[in-house]
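Listing of data_9.cif; format and content: mmCIF, C-alpha atoms.
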```cif
data_final
#
loop_
_atom_site.group_PDB
_atom_site.id
_atom_site.type_symbol
_atom_site.label_atom_id
_atom_site.label_comp_id
_atom_site.auth_asym_id
_atom_site.auth_seq_id
_atom_site.Cartn_x
_atom_site.Cartn_y
_atom_site.Cartn_z
ATOM 1 C CA MET A 652 -16.751 -27.296 -10.941
ATOM 2 C CA SER A 653 -14.906 -28.567 -13.978
ATOM 3 C CA GLY A 654 -11.486 -28.494 -12.375
ATOM 4 C CA THR A 655 -9.905 -27.627 -15.689
ATOM 5 C CA ALA A 656 -8.131 -24.441 -16.654
ATOM 6 C CA ASP A 657 -10.936 -23.787 -19.124
ATOM 7 C CA GLN A 658 -13.555 -22.719 -16.614
ATOM 8 C CA THR A 659 -16.039 -20.330 -18.122
ATOM 9 C CA ALA A 660 -17.056 -17.089 -16.458
ATOM 10 C CA GLU A 661 -20.314 -18.832 -15.526
ATOM 11 C CA ASP A 662 -18.429 -21.680 -13.818
ATOM 12 C CA LYS A 663 -16.411 -19.156 -11.878
ATOM 13 C CA ALA A 664 -19.459 -17.102 -10.967
ATOM 14 C CA SER A 665 -21.181 -20.209 -9.595
ATOM 15 C CA LYS A 666 -18.408 -20.932 -7.087
ATOM 16 C CA ASN A 667 -19.081 -20.152 -3.454
ATOM 17 C CA TRP A 668 -17.060 -16.938 -3.447
ATOM 18 C CA PRO A 669 -16.824 -14.492 -0.530
ATOM 19 C CA PRO A 670 -19.111 -11.444 -0.887
ATOM 20 C CA ASN A 671 -16.402 -9.090 -2.186
ATOM 21 C CA ILE A 672 -15.519 -11.482 -5.018
ATOM 22 C CA GLN A 673 -19.192 -12.129 -5.786
ATOM 23 C CA ALA A 674 -19.608 -8.370 -6.091
ATOM 24 C CA VAL A 675 -16.977 -8.291 -8.859
ATOM 25 C CA PHE A 676 -18.953 -10.863 -10.868
ATOM 26 C CA LYS A 677 -22.289 -9.184 -10.203
ATOM 27 C CA ARG A 678 -21.363 -5.588 -10.964
ATOM 28 C CA MET A 679 -17.716 -4.778 -11.428
ATOM 29 C CA ALA A 680 -16.596 -1.307 -10.328
ATOM 30 C CA PRO A 681 -16.042 1.027 -13.312
ATOM 31 C CA ALA A 682 -12.376 1.533 -12.370
ATOM 32 C CA SER A 683 -11.784 -2.244 -12.200
ATOM 33 C CA ARG A 684 -13.478 -2.697 -15.573
ATOM 34 C CA TYR A 685 -11.152 -0.092 -17.081
ATOM 35 C CA LEU A 686 -8.168 -2.040 -15.709
ATOM 36 C CA GLY A 687 -9.502 -5.222 -17.334
ATOM 37 C CA LEU A 688 -9.926 -7.087 -14.031
ATOM 38 C CA GLU A 689 -10.716 -10.813 -14.208
ATOM 39 C CA ILE A 690 -10.926 -13.063 -11.141
ATOM 40 C CA ILE A 691 -8.820 -16.232 -11.406
ATOM 41 C CA ASP A 692 -8.956 -17.575 -7.872
ATOM 42 C CA ALA A 693 -9.440 -16.577 -4.247
ATOM 43 C CA ASP A 694 -8.603 -18.528 -1.103
ATOM 44 C CA GLN A 695 -10.462 -17.162 1.888
ATOM 45 C CA ALA A 696 -8.570 -19.293 4.428
ATOM 46 C CA ALA A 697 -5.140 -18.393 3.058
ATOM 47 C CA ARG A 698 -6.269 -14.791 2.401
ATOM 48 C CA THR A 699 -4.829 -14.784 -1.117
ATOM 49 C CA VAL A 700 -6.267 -13.674 -4.444
ATOM 50 C CA GLU A 701 -5.107 -14.233 -8.013
ATOM 51 C CA VAL A 702 -6.471 -12.128 -10.849
ATOM 52 C CA ALA A 703 -5.626 -11.080 -14.387
ATOM 53 C CA PHE A 704 -5.713 -7.575 -15.815
ATOM 54 C CA ASN A 705 -6.442 -7.632 -19.526
ATOM 55 C CA ALA A 706 -4.693 -4.356 -20.207
ATOM 56 C CA GLY A 707 -5.548 -2.437 -23.361
ATOM 57 C CA PRO A 708 -4.055 0.687 -24.971
ATOM 58 C CA GLU A 709 -6.376 2.898 -22.906
ATOM 59 C CA LEU A 710 -4.074 2.264 -19.894
ATOM 60 C CA CYS A 711 -0.984 3.521 -21.688
ATOM 61 C CA ASN A 712 1.335 6.490 -21.724
ATOM 62 C CA MET A 713 2.480 8.197 -24.928
ATOM 63 C CA TRP A 714 5.077 5.495 -25.557
ATOM 64 C CA GLY A 715 2.658 2.584 -25.508
ATOM 65 C CA GLY A 716 3.665 1.306 -22.058
ATOM 66 C CA ILE A 717 1.192 0.998 -19.197
ATOM 67 C CA GLN A 718 1.264 4.255 -17.227
ATOM 68 C CA GLY A 719 2.926 3.845 -13.812
ATOM 69 C CA GLY A 720 -0.180 5.095 -12.073
ATOM 70 C CA MET A 721 -2.216 2.336 -13.694
ATOM 71 C CA VAL A 722 0.308 -0.259 -12.507
ATOM 72 C CA ALA A 723 -0.275 1.147 -9.010
ATOM 73 C CA ALA A 724 -4.040 0.977 -9.550
ATOM 74 C CA MET A 725 -3.807 -2.715 -10.525
ATOM 75 C CA LEU A 726 -1.848 -3.489 -7.362
ATOM 76 C CA ASP A 727 -4.339 -1.548 -5.249
ATOM 77 C CA ASP A 728 -7.194 -3.485 -6.862
ATOM 78 C CA VAL A 729 -5.767 -6.949 -6.203
ATOM 79 C CA MET A 730 -4.579 -6.099 -2.665
ATOM 80 C CA SER A 731 -8.019 -4.634 -1.865
ATOM 81 C CA LEU A 732 -9.640 -7.876 -3.003
ATOM 82 C CA ALA A 733 -7.314 -9.907 -0.762
ATOM 83 C CA VAL A 734 -7.897 -7.865 2.379
ATOM 84 C CA GLY A 735 -11.640 -7.823 1.678
ATOM 85 C CA LEU A 736 -12.027 -11.619 1.560
ATOM 86 C CA ASP A 737 -13.525 -11.896 5.034
ATOM 87 C CA LEU A 738 -15.717 -8.804 4.886
ATOM 88 C CA GLU A 739 -19.475 -9.247 5.056
ATOM 89 C CA TRP A 740 -21.975 -7.543 2.752
ATOM 90 C CA GLY A 741 -22.068 -3.856 3.688
ATOM 91 C CA GLN A 742 -18.452 -3.692 4.791
ATOM 92 C CA ILE A 743 -15.648 -2.119 2.775
ATOM 93 C CA SER A 744 -11.877 -1.852 3.190
ATOM 94 C CA PRO A 745 -10.609 1.507 1.858
ATOM 95 C CA THR A 746 -6.872 1.805 1.265
ATOM 96 C CA LEU A 747 -5.032 4.142 3.647
ATOM 97 C CA GLU A 748 -1.525 3.838 2.245
ATOM 98 C CA LEU A 749 -0.102 2.308 -0.895
ATOM 99 C CA LYS A 750 3.507 1.806 -1.938
ATOM 100 C CA VAL A 751 4.587 0.451 -5.300
ATOM 101 C CA SER A 752 7.965 -0.497 -6.809
ATOM 102 C CA MET A 753 8.020 -0.606 -10.606
ATOM 103 C CA LEU A 754 10.641 -3.220 -11.489
ATOM 104 C CA ASN A 755 10.087 -3.634 -15.232
ATOM 105 C CA ALA A 756 8.097 -1.767 -17.866
ATOM 106 C CA ALA A 757 4.549 -3.145 -18.165
ATOM 107 C CA ARG A 758 3.129 -3.584 -21.659
ATOM 108 C CA PRO A 759 -0.506 -4.058 -22.719
ATOM 109 C CA GLY A 760 -1.692 -7.640 -22.655
ATOM 110 C CA ARG A 761 -2.574 -10.091 -19.917
ATOM 111 C CA ILE A 762 -0.977 -9.235 -16.573
ATOM 112 C CA ILE A 763 -1.258 -11.572 -13.599
ATOM 113 C CA GLY A 764 -1.899 -10.001 -10.193
ATOM 114 C CA ARG A 765 -1.520 -11.671 -6.817
ATOM 115 C CA GLY A 766 -2.453 -10.296 -3.410
ATOM 116 C CA ARG A 767 -1.947 -11.737 0.064
ATOM 117 C CA VAL A 768 -2.825 -10.461 3.503
ATOM 118 C CA ILE A 769 0.195 -10.184 5.804
ATOM 119 C CA LYS A 770 -1.767 -9.245 8.896
ATOM 120 C CA ARG A 771 -5.488 -8.903 9.484
ATOM 121 C CA GLY A 772 -6.096 -6.856 12.618
ATOM 122 C CA LYS A 773 -9.413 -5.720 14.040
ATOM 123 C CA SER A 774 -9.478 -2.358 12.314
ATOM 124 C CA VAL A 775 -6.440 -2.428 10.007
ATOM 125 C CA GLY A 776 -5.013 -4.886 7.495
ATOM 126 C CA PHE A 777 -1.572 -5.085 5.879
ATOM 127 C CA ILE A 778 -1.337 -6.498 2.370
ATOM 128 C CA GLU A 779 1.320 -7.332 -0.214
ATOM 129 C CA GLY A 780 0.892 -7.754 -3.940
ATOM 130 C CA GLU A 781 2.752 -8.382 -7.169
ATOM 131 C CA LEU A 782 2.173 -8.127 -10.901
ATOM 132 C CA LEU A 783 3.701 -10.490 -13.437
ATOM 133 C CA ALA A 784 3.845 -10.586 -17.214
ATOM 134 C CA GLU A 785 2.601 -13.756 -18.908
ATOM 135 C CA ASP A 786 6.197 -14.954 -19.313
ATOM 136 C CA GLY A 787 6.654 -14.740 -15.532
ATOM 137 C CA THR A 788 8.645 -11.484 -15.477
ATOM 138 C CA LEU A 789 8.023 -9.667 -12.197
ATOM 139 C CA LEU A 790 6.738 -6.231 -13.226
ATOM 140 C CA ALA A 791 5.902 -4.553 -9.937
ATOM 141 C CA THR A 792 5.485 -5.206 -6.232
ATOM 142 C CA GLY A 793 3.325 -3.325 -3.772
ATOM 143 C CA SER A 794 2.279 -3.110 -0.157
ATOM 144 C CA SER A 795 -0.698 -1.380 1.351
ATOM 145 C CA THR A 796 -2.561 -0.667 4.552
ATOM 146 C CA ALA A 797 -6.344 -0.769 4.621
ATOM 147 C CA THR A 798 -9.002 -0.122 7.223
ATOM 148 C CA PHE A 799 -12.409 -1.733 7.685
ATOM 149 C CA VAL A 800 -15.608 0.289 7.506
ATOM 150 C CA THR A 801 -19.240 -0.764 7.873
ATOM 151 C CA LEU A 802 -21.393 1.261 5.509
ATOM 152 C CA LYS A 803 -24.420 3.090 6.802
ATOM 153 C CA ARG A 804 -27.681 2.042 5.172
ATOM 154 C CA LYS A 805 -27.841 5.138 2.962
ATOM 155 C CA GLU A 806 -24.402 4.351 1.482
ATOM 156 C CA LYS A 807 -25.718 1.707 -0.891
ATOM 157 C CA PRO A 808 -23.595 0.670 -3.848
ATOM 158 C CA ALA A 809 -24.068 3.162 -6.675
ATOM 159 C CA GLU A 810 -26.357 1.897 -9.457
ATOM 160 C CA MET B 1446 -1.666 35.859 -22.513
ATOM 161 C CA SER B 1447 -4.927 37.076 -21.051
ATOM 162 C CA GLY B 1448 -3.790 36.859 -17.442
ATOM 163 C CA THR B 1449 -7.324 36.072 -16.330
ATOM 164 C CA ALA B 1450 -8.632 32.884 -14.811
ATOM 165 C CA ASP B 1451 -10.675 32.352 -17.964
ATOM 166 C CA GLN B 1452 -7.836 31.337 -20.242
ATOM 167 C CA THR B 1453 -9.031 29.067 -22.987
ATOM 168 C CA ALA B 1454 -7.331 25.822 -23.885
ATOM 169 C CA GLU B 1455 -5.917 27.645 -26.931
ATOM 170 C CA ASP B 1456 -4.425 30.379 -24.725
ATOM 171 C CA LYS B 1457 -2.828 27.749 -22.567
ATOM 172 C CA ALA B 1458 -1.549 25.756 -25.528
ATOM 173 C CA SER B 1459 0.100 28.867 -26.954
ATOM 174 C CA LYS B 1460 2.235 29.430 -23.855
ATOM 175 C CA ASN B 1461 5.902 28.577 -24.105
ATOM 176 C CA TRP B 1462 5.571 25.316 -22.186
ATOM 177 C CA PRO B 1463 8.377 22.787 -21.641
ATOM 178 C CA PRO B 1464 8.234 19.791 -24.053
ATOM 179 C CA ASN B 1465 6.532 17.413 -21.605
ATOM 180 C CA ILE B 1466 3.669 19.873 -21.021
ATOM 181 C CA GLN B 1467 3.410 20.646 -24.748
ATOM 182 C CA ALA B 1468 3.053 16.896 -25.304
ATOM 183 C CA VAL B 1469 -0.027 16.849 -23.056
ATOM 184 C CA PHE B 1470 -1.680 19.522 -25.199
ATOM 185 C CA LYS B 1471 -0.633 17.905 -28.463
ATOM 186 C CA ARG B 1472 -1.576 14.313 -27.756
ATOM 187 C CA MET B 1473 -2.564 13.419 -24.220
ATOM 188 C CA ALA B 1474 -1.713 9.894 -23.073
ATOM 189 C CA PRO B 1475 -4.805 7.629 -22.982
ATOM 190 C CA ALA B 1476 -4.366 7.011 -19.238
ATOM 191 C CA SER B 1477 -4.178 10.760 -18.515
ATOM 192 C CA ARG B 1478 -7.297 11.366 -20.626
ATOM 193 C CA TYR B 1479 -9.150 8.729 -18.603
ATOM 194 C CA LEU B 1480 -8.124 10.576 -15.406
ATOM 195 C CA GLY B 1481 -9.491 13.837 -16.842
ATOM 196 C CA LEU B 1482 -6.110 15.611 -16.782
ATOM 197 C CA GLU B 1483 -6.082 19.354 -17.458
ATOM 198 C CA ILE B 1484 -2.950 21.523 -17.213
ATOM 199 C CA ILE B 1485 -3.413 24.629 -15.059
ATOM 200 C CA ASP B 1486 0.145 25.876 -14.693
ATOM 201 C CA ALA B 1487 3.773 24.782 -14.741
ATOM 202 C CA ASP B 1488 6.822 26.621 -13.450
ATOM 203 C CA GLN B 1489 10.008 25.221 -14.943
ATOM 204 C CA ALA B 1490 12.328 27.239 -12.678
ATOM 205 C CA ALA B 1491 10.505 26.283 -9.485
ATOM 206 C CA ARG B 1492 9.899 22.727 -10.801
ATOM 207 C CA THR B 1493 6.232 22.790 -9.815
ATOM 208 C CA VAL B 1494 3.077 21.815 -11.708
ATOM 209 C CA GLU B 1495 -0.591 22.449 -11.002
ATOM 210 C CA VAL B 1496 -3.271 20.460 -12.795
ATOM 211 C CA ALA B 1497 -6.916 19.501 -12.443
ATOM 212 C CA PHE B 1498 -8.411 16.044 -12.816
ATOM 213 C CA ASN B 1499 -11.996 16.222 -14.020
ATOM 214 C CA ALA B 1500 -12.983 12.932 -12.475
ATOM 215 C CA GLY B 1501 -16.051 11.130 -13.788
ATOM 216 C CA PRO B 1502 -17.942 8.020 -12.604
ATOM 217 C CA GLU B 1503 -15.627 5.806 -14.700
ATOM 218 C CA LEU B 1504 -12.933 6.296 -12.003
ATOM 219 C CA CYS B 1505 -15.154 5.011 -9.234
ATOM 220 C CA ASN B 1506 -15.559 1.981 -7.028
ATOM 221 C CA MET B 1507 -18.916 0.335 -6.358
ATOM 222 C CA TRP B 1508 -19.813 2.970 -3.790
ATOM 223 C CA GLY B 1509 -19.379 5.953 -6.067
ATOM 224 C CA GLY B 1510 -16.054 7.110 -4.604
ATOM 225 C CA ILE B 1511 -12.898 7.385 -6.670
ATOM 226 C CA GLN B 1512 -11.035 4.062 -6.436
ATOM 227 C CA GLY B 1513 -7.864 4.347 -4.349
ATOM 228 C CA GLY B 1514 -5.766 3.119 -7.235
ATOM 229 C CA MET B 1515 -7.031 5.979 -9.382
ATOM 230 C CA VAL B 1516 -6.114 8.470 -6.645
ATOM 231 C CA ALA B 1517 -2.610 6.973 -6.809
ATOM 232 C CA ALA B 1518 -2.640 7.255 -10.616
ATOM 233 C CA MET B 1519 -3.550 10.973 -10.390
ATOM 234 C CA LEU B 1520 -0.645 11.599 -8.015
ATOM 235 C CA ASP B 1521 1.719 9.667 -10.272
ATOM 236 C CA ASP B 1522 0.549 11.724 -13.251
ATOM 237 C CA VAL B 1523 1.104 15.125 -11.645
ATOM 238 C CA MET B 1524 4.432 14.141 -10.045
ATOM 239 C CA SER B 1525 5.639 12.739 -13.389
ATOM 240 C CA LEU B 1526 4.799 16.052 -15.040
ATOM 241 C CA ALA B 1527 6.775 17.964 -12.389
ATOM 242 C CA VAL B 1528 9.919 15.842 -12.618
ATOM 243 C CA GLY B 1529 9.702 15.923 -16.421
ATOM 244 C CA LEU B 1530 9.729 19.720 -16.708
ATOM 245 C CA ASP B 1531 13.383 19.924 -17.729
ATOM 246 C CA LEU B 1532 13.430 16.898 -20.021
ATOM 247 C CA GLU B 1533 14.109 17.433 -23.705
ATOM 248 C CA TRP B 1534 12.115 15.862 -26.540
ATOM 249 C CA GLY B 1535 12.941 12.158 -26.613
ATOM 250 C CA GLN B 1536 13.580 11.866 -22.894
ATOM 251 C CA ILE B 1537 11.172 10.290 -20.424
ATOM 252 C CA SER B 1538 11.076 9.904 -16.640
ATOM 253 C CA PRO B 1539 9.500 6.573 -15.657
ATOM 254 C CA THR B 1540 8.414 6.182 -12.042
ATOM 255 C CA LEU B 1541 10.481 3.731 -9.976
ATOM 256 C CA GLU B 1542 8.640 3.995 -6.676
ATOM 257 C CA LEU B 1543 5.375 5.566 -5.624
ATOM 258 C CA LYS B 1544 3.881 6.017 -2.165
ATOM 259 C CA VAL B 1545 0.453 7.432 -1.494
ATOM 260 C CA SER B 1546 -1.453 8.337 1.693
ATOM 261 C CA MET B 1547 -5.231 8.561 1.250
ATOM 262 C CA LEU B 1548 -6.365 11.133 3.813
ATOM 263 C CA ASN B 1549 -9.979 11.677 2.789
ATOM 264 C CA ALA B 1550 -12.395 9.932 0.423
ATOM 265 C CA ALA B 1551 -12.196 11.415 -3.088
ATOM 266 C CA ARG B 1552 -15.475 11.991 -4.943
ATOM 267 C CA PRO B 1553 -16.028 12.583 -8.661
ATOM 268 C CA GLY B 1554 -15.709 16.212 -9.727
ATOM 269 C CA ARG B 1555 -12.815 18.597 -10.161
ATOM 270 C CA ILE B 1556 -9.741 17.594 -8.173
ATOM 271 C CA ILE B 1557 -6.693 19.844 -7.992
ATOM 272 C CA GLY B 1558 -3.269 18.177 -8.238
ATOM 273 C CA ARG B 1559 0.064 19.744 -7.371
ATOM 274 C CA GLY B 1560 3.529 18.292 -7.892
ATOM 275 C CA ARG B 1561 6.939 19.618 -6.912
ATOM 276 C CA VAL B 1562 10.429 18.262 -7.375
ATOM 277 C CA ILE B 1563 12.315 17.848 -4.080
ATOM 278 C CA LYS B 1564 15.608 16.863 -5.657
ATOM 279 C CA ARG B 1565 16.674 16.603 -9.285
ATOM 280 C CA GLY B 1566 19.795 14.466 -9.540
ATOM 281 C CA LYS B 1567 21.610 13.388 -12.672
ATOM 282 C CA SER B 1568 19.817 10.068 -13.057
ATOM 283 C CA VAL B 1569 17.144 10.141 -10.346
ATOM 284 C CA GLY B 1570 14.525 12.627 -9.190
ATOM 285 C CA PHE B 1571 12.481 12.799 -5.977
ATOM 286 C CA ILE B 1572 9.008 14.300 -6.166
ATOM 287 C CA GLU B 1573 6.114 15.140 -3.846
ATOM 288 C CA GLY B 1574 2.493 15.688 -4.727
ATOM 289 C CA GLU B 1575 -0.929 16.366 -3.289
ATOM 290 C CA LEU B 1576 -4.556 16.226 -4.347
ATOM 291 C CA LEU B 1577 -7.206 18.643 -3.091
ATOM 292 C CA ALA B 1578 -10.967 18.837 -3.449
ATOM 293 C CA GLU B 1579 -12.402 22.086 -4.800
ATOM 294 C CA ASP B 1580 -13.241 23.198 -1.238
ATOM 295 C CA GLY B 1581 -9.550 22.856 -0.318
ATOM 296 C CA THR B 1582 -9.845 19.547 1.560
ATOM 297 C CA LEU B 1583 -6.564 17.649 1.320
ATOM 298 C CA LEU B 1584 -7.517 14.283 -0.191
ATOM 299 C CA ALA B 1585 -4.178 12.542 -0.635
ATOM 300 C CA THR B 1586 -0.441 13.094 -0.544
ATOM 301 C CA GLY B 1587 2.234 11.199 -2.422
ATOM 302 C CA SER B 1588 5.935 10.904 -2.997
ATOM 303 C CA SER B 1589 7.787 9.209 -5.810
ATOM 304 C CA THR B 1590 11.178 8.441 -7.268
ATOM 305 C CA ALA B 1591 11.751 8.643 -11.007
ATOM 306 C CA THR B 1592 14.662 7.986 -13.319
ATOM 307 C CA PHE B 1593 15.612 9.661 -16.588
ATOM 308 C CA VAL B 1594 15.781 7.732 -19.839
ATOM 309 C CA THR B 1595 16.644 8.882 -23.355
ATOM 310 C CA LEU B 1596 14.530 6.975 -25.858
ATOM 311 C CA LYS B 1597 16.155 5.192 -28.743
ATOM 312 C CA ARG B 1598 14.987 6.298 -32.170
ATOM 313 C CA LYS B 1599 12.752 3.275 -32.675
ATOM 314 C CA GLU B 1600 10.857 4.034 -29.460
ATOM 315 C CA LYS B 1601 8.749 6.763 -31.003
ATOM 316 C CA PRO B 1602 5.590 7.867 -29.264
ATOM 317 C CA ALA B 1603 2.765 5.476 -30.157
ATOM 318 C CA GLU B 1604 0.309 6.879 -32.712
#
```
Representation of the structure as C-alpha cells:
Amino acid sequence: MSGTADQTAEDKASKNWPPNIQAVFKRMAPASRYLGLEIIDADQAARTVEVAFNAGPELCNMWGGIQGGMVAAMLDDVMSLAVGLDLEWGQISPTLELKVSMLNAARPGRIIGRGRVIKRGKSVGFIEGELLAEDGTLLATGSSTATFVTLKRKEKPAE
Amino acid sequence: MSGTADQTAEDKASKNWPPNIQAVFKRMAPASRYLGLEIIDADQAARTVEVAFNAGPELCNMWGGIQGGMVAAMLDDVMSLAVGLDLEWGQISPTLELKVSMLNAARPGRIIGRGRVIKRGKSVGFIEGELLAEDGTLLATGSSTATFVTLKRKEKPAE
C-alpha cells in the first residue's frame, strides 16, 4: 500500500476489501458504472464507505443539472455498499426504503459520497448517507433501510 | 387522434400536451432516456401522468435486477412530470425530498409508472407515484415534495 493519495486502481484492488467492495472492482454493476462509481475507502469495523461518482452529462436533466432521481440513485449506491460491508459472498442487501433530501443542485463532475450504518440488526439494517461537491458543499442527504438475503445457488450474478 | 392503443409516437407528439410533456417529446433529458421513459398519457386537469419505462440491462445490479436507486429515479421522473403539468415554458420543479418503498424486485422489461399531484401549492407541490410490472404487480411506491422555480434567461436548456 503506498499510503499516498495517488493510489492507482490496481493498488486499491489489491487491498483486502470485503466481498461486496471486491465485487465492485471485479465487475461493477451496470447501474453503478453509469453513475460513475469509484471506491475511495471502506472501513469494515466502522461500517463506513467513501466513494466518488464521476458524473457525466448522461445523468442530467434538460438544464444540465444532475437529475434528482440520479442523486437518489447515488445515495442508494453508497448506502448499499456500507450496509453490505459484512455480507459474505452469496449474500445481498436489497433496499426496502429510501429517503433523500436534495439540499443543493448537483452539477456534473466529481461528487463525493459517504455512507455509514446506523444500526445493523439480524435481518434489517439502517443506513445514512450524504453527497458533497468537490468544494465541500453538501448536496444531498439520505437514509435507507435494507434487508439481508442469501441467494439461492441458481441466482448467480448475471454475466 | 386514433383513439386506439396503437398510437404512434407521432400521434402522441401531435397531441396538445402541456409544455413539460412536449419537452419530453422534443428533447428528452439524458437521464430519462437512460431510464427508457415513454409518455403514455397525461391529464392536466386531474394532474396525473402515466408513463412506461422500457428498462434494459444497463439499469441493473450484479444480479440482473433493476438497482434500487434506478427504481427511485423512475419514481422521481414520473412524479416530476405530474407536478410539472401546469408549469409554463421556462419554469421547472426540482425535487426537494423523495421517499421510496421497494415492495417487489423490479426486473428489466416494460414498467408502468403513474404519478399524481396530492397538493399543488403556490411554491411547493406534493406528489405520489407508483411503479407496476406488466402483470400488474406493484413494484414500488413513492412520494415527493417539489418546488417551483422560474429560470433566468441565461439558464437555457442545455443543447
Could you tell me which residues the PyMOL selection byres ((chain B) within 9 of (chain A)) returns for this structure, as a short mmCIF file (atom, residue, chain, number, x, y, z; two decimals) with C-alpha atoms, in the coordinates of the input?
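Saved the output as part38.cif:
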```
data_model
loop_
_atom_site.label_atom_id
_atom_site.label_comp_id
_atom_site.auth_asym_id
_atom_site.auth_seq_id
_atom_site.Cartn_x
_atom_site.Cartn_y
_atom_site.Cartn_z
CA ALA B 1468 3.05 16.90 -25.30
CA ARG B 1472 -1.58 14.31 -27.76
CA MET B 1473 -2.56 13.42 -24.22
CA ALA B 1474 -1.71 9.89 -23.07
CA PRO B 1475 -4.80 7.63 -22.98
CA ALA B 1476 -4.37 7.01 -19.24
CA SER B 1477 -4.18 10.76 -18.52
CA ARG B 1478 -7.30 11.37 -20.63
CA TYR B 1479 -9.15 8.73 -18.60
CA PRO B 1502 -17.94 8.02 -12.60
CA GLU B 1503 -15.63 5.81 -14.70
CA LEU B 1504 -12.93 6.30 -12.00
CA CYS B 1505 -15.15 5.01 -9.23
CA ASN B 1506 -15.56 1.98 -7.03
CA MET B 1507 -18.92 0.34 -6.36
CA TRP B 1508 -19.81 2.97 -3.79
CA GLY B 1509 -19.38 5.95 -6.07
CA ILE B 1511 -12.90 7.38 -6.67
CA GLN B 1512 -11.04 4.06 -6.44
CA GLY B 1513 -7.86 4.35 -4.35
CA GLY B 1514 -5.77 3.12 -7.24
CA MET B 1515 -7.03 5.98 -9.38
CA VAL B 1516 -6.11 8.47 -6.64
CA ALA B 1517 -2.61 6.97 -6.81
CA ALA B 1518 -2.64 7.26 -10.62
CA MET B 1519 -3.55 10.97 -10.39
CA LEU B 1520 -0.64 11.60 -8.02
CA ASP B 1521 1.72 9.67 -10.27
CA ASP B 1522 0.55 11.72 -13.25
CA PRO B 1539 9.50 6.57 -15.66
CA THR B 1540 8.41 6.18 -12.04
CA LEU B 1541 10.48 3.73 -9.98
CA GLU B 1542 8.64 4.00 -6.68
CA LEU B 1543 5.38 5.57 -5.62
CA LYS B 1544 3.88 6.02 -2.16
CA VAL B 1545 0.45 7.43 -1.49
CA SER B 1546 -1.45 8.34 1.69
CA MET B 1547 -5.23 8.56 1.25
CA LEU B 1548 -6.36 11.13 3.81
CA ALA B 1550 -12.40 9.93 0.42
CA GLU B 1600 10.86 4.03 -29.46
CA LYS B 1601 8.75 6.76 -31.00
CA PRO B 1602 5.59 7.87 -29.26
CA ALA B 1603 2.76 5.48 -30.16
CA GLU B 1604 0.31 6.88 -32.71
#
```
Could you spell out the hits of the PyMOL selection byres ((chain A and resi 702) around 9) on the shown file, as a PyMOL selection string?
chain A and resi 688-693+700-701+703-704+729+762-766
A straight line from atom CA of Ile1466 of chain B to atom CA of Ala1527 of chain B spans 9.4 Å
Selection in question (the file shown): the PyMOL selection byres ((chain A and resi 706) around 7). Which residues does it include, as a PyMOL selection string?
chain A and resi 686-687+704-705+707-708+710+759-761
At what distance in Å, to one decimal, does atom CA of Val768 of chain A lie from atom CA of Leu782 of chain A?
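Separating atom CA of Leu782 of chain A from atom CA of Val768 of chain A is a distance of 15.4 Å.
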Mind pulling up the distance from atom CA of Arg1565 of chain B to atom CA of Val1594 of chain B?
13.8 Å
Size and centre in Å, one decimal, axis-aligned box, all listed segment 1529-1542 of chain B atoms plus 3 Å per side, as AutoDock Vina command-line options:
```
--center_x 11.3 --center_y 11.8 --center_z -16.6 --size_x 11.7 --size_y 22.2 --size_z 25.9
```
Pick from B:Leu1532, B:Ala1491, B:Leu1584, B:Leu1526, whichever lies nearest to Ser1568 of chain B using only C-alpha atoms
B:Leu1532
